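Content type compact mmCIF, C-alpha atoms and all ligand atoms, from the file my_file-v7.txt:
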# COMPACT_ATOMS: atom_id res chain seq x y z
CA MET Y 953 -52.15 0.79 30.56
CA LYS Y 954 -50.93 -2.81 30.39
CA VAL Y 955 -53.00 -4.87 32.82
CA PRO Y 956 -50.77 -6.79 35.22
CA GLN Y 957 -51.48 -10.46 35.77
CA THR Y 958 -50.94 -11.13 39.45
CA GLY Y 959 -53.28 -9.97 42.23
CA ALA Y 960 -50.47 -8.23 44.11
CA ALA Y 961 -49.47 -6.27 41.03
CA VAL Y 962 -53.08 -5.22 40.43
CA ALA Y 963 -53.34 -4.03 44.02
CA ALA Y 964 -50.08 -2.08 43.63
CA VAL Y 965 -51.34 -0.32 40.49
CA ILE Y 966 -54.63 0.58 42.17
CA ALA Y 967 -52.80 1.86 45.24
CA LEU Y 968 -50.51 3.98 43.05
CA ALA Y 969 -53.47 5.37 41.09
CA LEU Y 970 -55.23 6.27 44.31
CA THR Y 971 -52.24 8.04 45.84
CA THR Y 972 -51.40 9.97 42.68
CA SER Y 973 -55.01 11.09 42.25
CA GLY Y 974 -55.17 12.11 45.89
CA CYS Y 975 -58.10 9.83 46.74
CA GLY Y 976 -56.18 7.37 48.85
CA GLY Y 977 -58.46 7.70 51.83
CA GLU Y 978 -55.94 9.99 53.51
CA GLU Y 979 -56.62 13.69 53.45
CA ASP Y 980 -54.60 15.45 50.75
CA LYS Y 981 -52.82 18.02 52.84
CA GLY Y 982 -50.81 19.75 50.12
CA THR Y 983 -47.97 21.86 51.45
CA LEU Y 984 -47.39 23.48 54.80
CA ALA Y 985 -45.82 26.95 54.79
CA ILE Y 986 -43.65 27.59 57.84
CA GLY Y 987 -41.81 30.83 58.60
CA ILE Y 988 -38.21 30.44 59.76
CA LYS Y 989 -35.09 32.59 59.87
CA PHE Y 990 -32.77 32.05 56.89
CA ASP Y 991 -29.57 33.57 58.29
CA GLN Y 992 -29.12 32.32 61.86
CA PRO Y 993 -26.72 29.34 62.02
CA GLY Y 994 -27.80 26.77 64.62
CA VAL Y 995 -31.28 28.32 64.83
CA GLY Y 996 -32.65 28.74 61.31
CA LEU Y 997 -30.40 28.71 58.28
CA ARG Y 998 -30.87 28.30 54.55
CA GLU Y 999 -27.76 26.44 53.42
CA ALA Y 1000 -26.00 27.13 50.12
CA GLY Y 1001 -27.57 24.05 48.47
CA GLY Y 1002 -31.11 25.16 49.38
CA THR Y 1003 -31.49 22.85 52.38
CA TYR Y 1004 -32.34 24.10 55.86
CA SER Y 1005 -30.75 23.53 59.25
CA GLY Y 1006 -31.08 24.67 62.84
CA PHE Y 1007 -33.01 24.02 66.02
CA ASP Y 1008 -36.12 25.85 64.80
CA VAL Y 1009 -36.02 23.85 61.57
CA ASP Y 1010 -35.92 20.60 63.56
CA VAL Y 1011 -38.74 21.74 65.85
CA ALA Y 1012 -40.84 22.84 62.85
CA THR Y 1013 -40.20 19.56 61.02
CA TYR Y 1014 -41.19 17.56 64.11
CA ILE Y 1015 -44.40 19.56 64.50
CA ALA Y 1016 -45.19 19.16 60.80
CA LYS Y 1017 -44.81 15.38 61.12
CA GLN Y 1018 -47.21 15.30 64.05
CA LEU Y 1019 -49.68 17.32 61.97
CA GLY Y 1020 -49.44 14.71 59.21
CA TYR Y 1021 -46.98 16.38 56.81
CA LYS Y 1022 -43.90 14.78 55.32
CA PRO Y 1023 -40.68 16.83 55.16
CA GLU Y 1024 -41.10 17.27 51.39
CA GLN Y 1025 -44.51 18.87 51.95
CA ILE Y 1026 -42.96 21.67 54.02
CA GLU Y 1027 -42.33 24.98 52.34
CA PHE Y 1028 -39.97 27.05 54.48
CA LYS Y 1029 -40.44 30.77 54.00
CA ARG Y 1030 -38.09 33.46 55.19
CA VAL Y 1031 -39.22 35.67 58.02
CA ASP Y 1032 -37.35 38.56 59.59
CA SER Y 1033 -37.76 39.75 63.16
CA SER Y 1034 -39.87 42.70 62.03
CA ASP Y 1035 -42.36 40.88 59.78
CA ARG Y 1036 -43.35 37.76 61.75
CA GLU Y 1037 -46.71 39.13 62.92
CA LEU Y 1038 -47.49 40.46 59.47
CA LEU Y 1039 -46.82 37.16 57.68
CA LEU Y 1040 -49.11 35.37 60.13
CA GLN Y 1041 -51.83 37.99 59.84
CA TYR Y 1042 -51.76 37.73 56.03
CA ASN Y 1043 -51.74 33.90 55.98
CA GLU Y 1044 -48.37 33.78 54.24
CA VAL Y 1045 -47.33 31.04 56.67
CA ARG Y 1046 -49.30 28.62 58.86
CA PHE Y 1047 -46.91 29.05 61.75
CA VAL Y 1048 -43.61 30.71 62.63
CA ALA Y 1049 -40.66 28.98 64.31
CA ALA Y 1050 -38.06 31.72 64.34
CA SER Y 1051 -36.40 32.51 67.70
CA TYR Y 1052 -39.73 34.18 68.39
CA SER Y 1053 -40.08 35.32 71.99
CA ILE Y 1054 -43.53 35.22 73.52
CA SER Y 1055 -44.47 38.72 74.67
CA ASP Y 1056 -47.67 40.50 75.70
CA LYS Y 1057 -47.17 43.07 72.97
CA ARG Y 1058 -46.95 40.39 70.28
CA LYS Y 1059 -49.89 38.52 71.78
CA GLU Y 1060 -52.09 41.47 70.82
CA LYS Y 1061 -51.55 40.46 67.18
CA VAL Y 1062 -50.74 36.73 67.17
CA ASP Y 1063 -51.05 33.67 69.39
CA PHE Y 1064 -48.28 31.36 70.51
CA ALA Y 1065 -47.89 27.66 71.20
CA GLY Y 1066 -45.16 26.65 73.61
CA PRO Y 1067 -42.89 27.91 75.04
CA TYR Y 1068 -40.40 25.37 73.69
CA PHE Y 1069 -37.03 26.96 74.53
CA THR Y 1070 -35.56 29.55 76.88
CA ALA Y 1071 -32.69 31.76 75.69
CA HIS Y 1072 -31.11 34.80 77.34
CA GLN Y 1073 -30.08 38.11 75.86
CA ASP Y 1074 -26.30 38.46 75.68
CA LEU Y 1075 -23.65 40.57 73.94
CA LEU Y 1076 -21.27 39.59 71.17
CA VAL Y 1077 -17.99 41.49 70.87
CA ARG Y 1078 -14.78 41.10 68.86
CA ALA Y 1079 -12.48 38.48 70.39
CA ASP Y 1080 -9.84 41.05 71.38
CA ASP Y 1081 -12.28 43.44 73.10
CA THR Y 1082 -11.65 44.13 76.78
CA THR Y 1083 -13.86 47.19 77.22
CA ILE Y 1084 -17.34 45.61 77.19
CA THR Y 1085 -18.13 43.16 79.96
CA LYS Y 1086 -21.59 44.30 81.02
CA ALA Y 1087 -24.61 46.02 79.51
CA GLU Y 1088 -23.89 49.47 81.03
CA ASP Y 1089 -20.57 49.57 79.18
CA LEU Y 1090 -22.60 49.97 76.02
CA ASN Y 1091 -23.72 53.48 77.00
CA SER Y 1092 -20.53 54.90 75.46
CA LYS Y 1093 -20.41 52.38 72.60
CA ARG Y 1094 -21.87 51.61 69.20
CA LEU Y 1095 -24.25 48.68 69.28
CA CYS Y 1096 -25.97 46.69 66.55
CA SER Y 1097 -29.42 45.24 67.00
CA VAL Y 1098 -32.24 44.05 64.79
CA THR Y 1099 -35.45 45.95 64.05
CA GLY Y 1100 -38.53 44.38 65.59
CA SER Y 1101 -36.61 42.25 68.09
CA THR Y 1102 -37.10 42.19 71.85
CA SER Y 1103 -33.32 42.64 72.11
CA ALA Y 1104 -33.46 46.07 70.44
CA GLU Y 1105 -36.36 47.18 72.64
CA ASN Y 1106 -34.71 45.96 75.80
CA VAL Y 1107 -31.44 47.74 75.10
CA LYS Y 1108 -33.08 51.06 74.26
CA LYS Y 1109 -35.54 50.99 77.17
CA ASN Y 1110 -33.60 49.30 79.94
CA LEU Y 1111 -30.09 48.03 79.37
CA ALA Y 1112 -28.17 50.91 77.83
CA PRO Y 1113 -30.47 53.79 76.83
CA LYS Y 1114 -27.49 55.99 75.87
CA ALA Y 1115 -25.81 53.51 73.52
CA SER Y 1116 -25.70 54.53 69.90
CA VAL Y 1117 -27.80 51.79 68.33
CA LEU Y 1118 -27.56 50.76 64.71
CA GLU Y 1119 -30.68 48.80 63.78
CA LEU Y 1120 -30.40 46.45 60.84
CA PRO Y 1121 -32.93 43.99 59.32
CA GLY Y 1122 -31.05 40.80 60.27
CA TYR Y 1123 -28.42 39.46 62.63
CA SER Y 1124 -26.00 38.40 59.91
CA GLU Y 1125 -25.79 42.05 58.84
CA CYS Y 1126 -24.90 42.95 62.42
CA VAL Y 1127 -22.13 40.32 62.42
CA VAL Y 1128 -20.61 41.96 59.33
CA ALA Y 1129 -20.86 45.39 60.97
CA LEU Y 1130 -19.12 44.02 64.08
CA GLN Y 1131 -16.37 42.41 62.06
CA ASP Y 1132 -15.83 45.57 60.01
CA ASN Y 1133 -15.56 47.72 63.14
CA LEU Y 1134 -18.69 49.73 62.34
CA VAL Y 1135 -20.06 48.78 65.76
CA ASP Y 1136 -18.45 47.64 69.02
CA ALA Y 1137 -20.98 44.97 69.97
CA MET Y 1138 -24.19 43.33 68.90
CA THR Y 1139 -26.95 42.04 71.10
CA THR Y 1140 -29.57 39.34 70.94
CA ASP Y 1141 -30.27 35.86 72.33
CA ASN Y 1142 -27.26 33.80 73.39
CA SER Y 1143 -28.55 30.92 71.23
CA ILE Y 1144 -28.26 33.06 68.11
CA LEU Y 1145 -24.93 34.63 69.07
CA ALA Y 1146 -23.40 31.22 69.89
CA GLY Y 1147 -24.30 30.11 66.37
CA TYR Y 1148 -22.27 32.93 64.82
CA VAL Y 1149 -19.28 32.27 67.10
CA ALA Y 1150 -19.27 28.62 66.00
CA GLN Y 1151 -19.94 29.31 62.32
CA LYS Y 1152 -17.27 28.12 59.91
CA GLY Y 1153 -15.04 31.02 58.95
CA ASN Y 1154 -15.69 32.90 62.21
CA GLU Y 1155 -13.19 30.93 64.30
CA GLY Y 1156 -11.44 33.19 66.81
CA LYS Y 1157 -13.21 36.35 65.65
CA PHE Y 1158 -15.90 36.92 68.26
CA LYS Y 1159 -16.80 36.11 71.87
CA LEU Y 1160 -19.89 36.21 74.03
CA THR Y 1161 -19.72 38.30 77.20
CA GLY Y 1162 -21.77 35.66 79.07
CA GLN Y 1163 -24.53 37.97 80.30
CA SER Y 1164 -28.04 36.82 81.01
CA LEU Y 1165 -29.85 40.09 80.36
CA SER Y 1166 -33.34 38.68 79.88
CA ASN Y 1167 -35.38 35.49 79.62
CA GLU Y 1168 -36.53 34.85 76.08
CA ASN Y 1169 -39.19 32.16 75.91
CA TYR Y 1170 -39.53 30.99 72.34
CA GLY Y 1171 -43.04 30.25 71.12
CA ILE Y 1172 -44.45 28.98 67.85
CA GLY Y 1173 -46.27 31.96 66.36
CA LEU Y 1174 -49.79 31.35 65.08
CA LYS Y 1175 -52.56 33.38 63.55
CA LYS Y 1176 -54.58 34.96 66.34
CA GLY Y 1177 -57.49 32.75 67.33
CA ASP Y 1178 -56.15 29.54 65.76
CA LYS Y 1179 -56.90 27.56 68.93
CA GLU Y 1180 -57.12 24.20 67.21
CA LEU Y 1181 -53.63 24.45 65.75
CA GLN Y 1182 -52.33 25.82 69.06
CA GLY Y 1183 -53.58 22.73 70.89
CA LYS Y 1184 -52.09 20.39 68.29
CA ILE Y 1185 -48.71 22.13 68.34
CA ASN Y 1186 -48.57 22.12 72.13
CA ALA Y 1187 -49.21 18.37 72.05
CA ALA Y 1188 -46.46 17.93 69.42
CA LEU Y 1189 -43.98 19.96 71.49
CA LYS Y 1190 -44.72 17.92 74.60
CA LYS Y 1191 -44.13 14.75 72.64
CA MET Y 1192 -40.87 16.12 71.28
CA VAL Y 1193 -39.60 16.76 74.81
CA ALA Y 1194 -40.90 13.43 76.18
CA ASP Y 1195 -39.36 11.22 73.50
CA GLY Y 1196 -35.90 12.81 73.72
CA SER Y 1197 -35.98 14.48 70.30
CA TRP Y 1198 -35.97 17.95 71.87
CA GLU Y 1199 -32.73 17.43 73.78
CA ALA Y 1200 -31.12 15.69 70.81
CA ALA Y 1201 -32.00 18.69 68.60
CA VAL Y 1202 -30.62 21.16 71.17
CA ARG Y 1203 -27.31 19.29 71.41
CA LYS Y 1204 -27.02 18.79 67.67
CA ASN Y 1205 -27.67 22.40 66.76
CA PHE Y 1206 -26.09 24.38 69.60
CA GLY Y 1207 -23.06 22.16 70.09
CA PRO Y 1208 -21.40 20.59 73.16
CA ASN Y 1209 -20.35 23.87 74.81
CA TYR Y 1210 -23.73 25.56 74.82
CA LYS Y 1211 -25.29 25.68 78.28
CA PHE Y 1212 -29.04 25.38 77.86
CA ASP Y 1213 -31.98 25.63 80.22
CA PRO Y 1214 -34.16 22.54 80.55
CA ALA Y 1215 -37.24 22.49 78.34
CA PRO Y 1216 -39.79 24.98 79.70
CA ALA Y 1217 -43.24 23.82 80.75
CA ILE Y 1218 -45.37 23.73 77.62
CA ALA Y 1219 -48.94 24.98 77.84
CA THR Y 1220 -51.64 22.33 77.94
CA GLY Y 1221 -54.08 22.50 75.07
CA SER Y 1222 -54.74 25.95 73.66
N1 LIG B 1301 -35.97 36.28 70.65
C1 LIG B 1301 -35.89 37.65 70.32
C2 LIG B 1301 -37.12 38.14 69.58
O1 LIG B 1301 -38.03 37.43 69.38
C3 LIG B 1301 -34.64 38.00 69.52
C4 LIG B 1301 -34.40 37.08 68.36
C5 LIG B 1301 -35.07 37.50 67.08
O2 LIG B 1301 -35.10 38.69 66.75
O3 LIG B 1301 -35.53 36.61 66.36
O4 LIG B 1301 -37.21 39.27 69.21

Can you dump the structure from the file as structure tokens?
Amino acid sequence: MKVPQTGAAVAAVIALALTTSGCGGEEDKGTLAIGIKFDQPGVGLREAGGTYSGFDVDVATYIAKQLGYKPEQIEFKRVDSSDRELLLQYNEVRFVAASYSISDKRKEKVDFAGPYFTAHQDLLVRADDTTITKAEDLNSKRLCSVTGSTSAENVKKNLAPKASVLELPGYSECVVALQDNLVDAMTTDNSILAGYVAQKGNEGKFKLTGQSLSNENYGIGLKKGDKELQGKINAALKKMVADGSWEAAVRKNFGPNYKFDPAPAIATGS
């Protein structure tokens, strides 16, 4: 290596050597694997160019920053509704930010930080439908829902036990089934459904029925017992709400017409 002459240049070379060798005094944190949805516009979406967008992506990126990770150190991994617990249990991801409702059943297998958002179960129908306005109407209809979701459970147990339910692995598959007339409605959180209504190419195709069939409190899924990370993420979420980034992310991702609940009270510590 050519030795530079000035003191500043020497310092710059040393600094560069230290950062590239990972001994810069700062902990070398490597990458952070985060589980998100890949097919839910406005919530968690892998774009055609390999970039990611959505409210959960923004929340995850904010948390990562508070934990000391730069955006380029984040590795987003795809999770589906049915495999979120499994990916946490097997350390495939450090945490999950994927429209993941906190529930007692899930808490048997994983822990949650948050809640950081409240959504409500609703129905999506074709724009010209006049026959489905409430959950009971589904009892004589074909409905699409996603395996492993609270929405599927809720519809089968409570909302419309007689509906003929088609369960698919992801919501975008349900949207195709709805468009192709294979089902009459699909159900999940209004946040997710609003994203499909607003998606480019879907203009005028679908509408929400405007039901509030449940409260879905989204949490950040963690490996069970990871109390330290839970405390840190709760602190990050509180900061995100306090500094205005939370509301900015809601408005950016869900659009001007989406009516959202105020940020829920986030747990203190772990
Ligand atoms: N929030 C609900 C759940 O956690 C529905 C959305 C989803 O499947 O991701 O099951």

Which of these, Y:Lys1190, Y:Lys1179, Y:Lys1059, Y:His1072, has the shortest distance to ligand LIG 1301 (chain B) once you count only C-alpha atoms and all ligand atoms?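 That would be Y:His1072, the residue with the smallest distance to ligand LIG 1301 (chain B).
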
Residue nearest ligand LIG 1301 (chain B) - candidates Y:Tyr1210, Y:Tyr1052, Y:Phe990, Y:Tyr1042, atoms counted: all atoms listed in the file: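 When distances to ligand LIG 1301 (chain B) are compared using all atoms listed in the file, the smallest one comes from Y:Tyr1052.
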
Can you work out which one of Y:Lys1204, Y:Lys1061, Y:Lys1022, Y:Arg1094 has the shortest atom-to-atom distance to Leu1134 (chain Y), counting only C-alpha atoms?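 Closest to Leu1134 (chain Y), using only C-alpha atoms: Y:Arg1094.
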
Proximity of chain Y to ligand LIG 1301 (chain B): per-residue shortest pair, 7 Å limit, all atoms listed in the file, as CSV:
residue,atom,partner,partner_atom,distance
Y:Ser1033,CA,B:LIG1301,O2,4.6
Y:Ala1050,CA,B:LIG1301,O3,5.9
Y:Ser1051,CA,B:LIG1301,O3,4.4
Y:Tyr1052,CA,B:LIG1301,O1,3.8
Y:Ser1053,CA,B:LIG1301,O1,3.9
Y:Val1098,CA,B:LIG1301,O2,6.4
Y:Gly1100,CA,B:LIG1301,O4,6.4
Y:Ser1101,CA,B:LIG1301,O4,3.2
Y:Thr1102,CA,B:LIG1301,O4,3.9
Y:Ser1103,CA,B:LIG1301,C3,5.5
Y:Thr1140,CA,B:LIG1301,C3,5.4
Y:Asp1141,CA,B:LIG1301,C3,5.6
Y:Glu1168,CA,B:LIG1301,N1,5.6
Y:Tyr1170,CA,B:LIG1301,N1,6.6

In Å, how far is it from CA of Arg1036 (chain Y) to CA of Gly1171 (chain Y)?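 Separation of CA of Arg1036 (chain Y) and CA of Gly1171 (chain Y): 12.0 Å.
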
Gap from CA of Glu1119 (chain Y) to CA of Ala1104 (chain Y) - Å, one decimal: 7.7 Å

Would you compute the distance between CA of Ile1054 (chain Y) and CA of Pro1067 (chain Y)? Give it in Å to one decimal.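 Value for the CA of Ile1054 (chain Y)-CA of Pro1067 (chain Y) distance: 7.5 Å.
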
Y:Thr1139, Y:Glu1060, Y:Ser1166, Y:Leu1120: which is nearest Leu1095 (chain Y), counting only C-alpha atoms?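 Ranking Y:Thr1139, Y:Glu1060, Y:Ser1166, Y:Leu1120 by distance to Leu1095 (chain Y), first place goes to Y:Thr1139.
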
For region 1202-1211 of chain Y, what centre and edge lengths in Å (one decimal) does the axis-aligned box get once 6 Å is added on each side of all its listed atoms, as JSON?
{"center_x": -25.5, "center_y": 22.2, "center_z": 72.5, "size_x": 22.3, "size_y": 18.9, "size_z": 23.5}

For region 1213-1219 of chain Y, find every residue with an atom within 7 Å (counting only C-alpha atoms), except residues of its own chain fewer than 4 positions away, and show them as a list in words.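 Counting only C-alpha atoms, the residues come to Gly1066, Pro1067, Tyr1068, Phe1069, Thr1070, Asn1186 and Lys1190 of chain Y.
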
Among Y:Gln1182, Y:Ser1116, Y:Ile986, Y:Gly1147, Ala1016 (chain Y) is approached most closely, using all atoms listed in the file, by Y:Ile986

List every residue of region 1113-1132 of chain Y that has an atom at most 12 Å from any atom of region 1075-1092 of chain Y, and for each one report the closest atom pair and its distance in Å to one decimal, counting all atoms listed in the file, with rows sorted by chain and then by increasing residue number, as a tab-separated table.
residue	atom	partner	partner_atom	distance
Y:Pro1113	CA	Y:Asn1091	CA	6.8
Y:Lys1114	CA	Y:Asn1091	CA	4.7
Y:Ala1115	CA	Y:Asn1091	CA	4.1
Y:Ser1116	CA	Y:Asn1091	CA	7.4
Y:Val1117	CA	Y:Leu1090	CA	9.5
Y:Tyr1123	CA	Y:Leu1076	CA	11.1
Y:Cys1126	CA	Y:Leu1076	CA	10.1
Y:Val1127	CA	Y:Leu1076	CA	8.8
Y:Val1128	CA	Y:Arg1078	CA	11.2
Y:Ala1129	CA	Y:Arg1078	CA	10.8
Y:Leu1130	CA	Y:Arg1078	CA	7.1
Y:Gln1131	CA	Y:Arg1078	CA	7.1
Y:Asp1132	CA	Y:Arg1078	CA	10.0

What's around Val1011 (chain Y) at 9 Å? Count only C-alpha atoms, leave out sequence neighbours fewer than 6 positions away in its own chain, and write the answer as a short mmCIF file (atom, residue, chain, number, x, y, z; two decimals) with C-alpha atoms, keeping the file's coordinate frame.
data_model
loop_
_atom_site.label_atom_id
_atom_site.label_comp_id
_atom_site.auth_asym_id
_atom_site.auth_seq_id
_atom_site.Cartn_x
_atom_site.Cartn_y
_atom_site.Cartn_z
CA ALA Y 1049 -40.66 28.98 64.31
CA TYR Y 1068 -40.40 25.37 73.69
CA LEU Y 1189 -43.98 19.96 71.49
CA MET Y 1192 -40.87 16.12 71.28
CA SER Y 1197 -35.98 14.48 70.30
CA TRP Y 1198 -35.97 17.95 71.87
CA ALA Y 1201 -32.00 18.69 68.60
#

Give the answer as one residue: which of Y:Tyr1021, Y:Tyr1014, Y:Phe1158, Y:Phe1206 has the shortest atom-to-atom distance to Ala1187 (chain Y), using all atoms listed in the file?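 Of Y:Tyr1021, Y:Tyr1014, Y:Phe1158, Y:Phe1206, the one nearest Ala1187 (chain Y) is Y:Tyr1014, counting all atoms listed in the file.
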
How would you write as a ChimeraX atom specification the residues that get within 12 Å of (-30.6, 23.4, 57.8) in the file's frame, counting all atoms listed in the file? /Y:988-1013,1028,1201,1204-1205
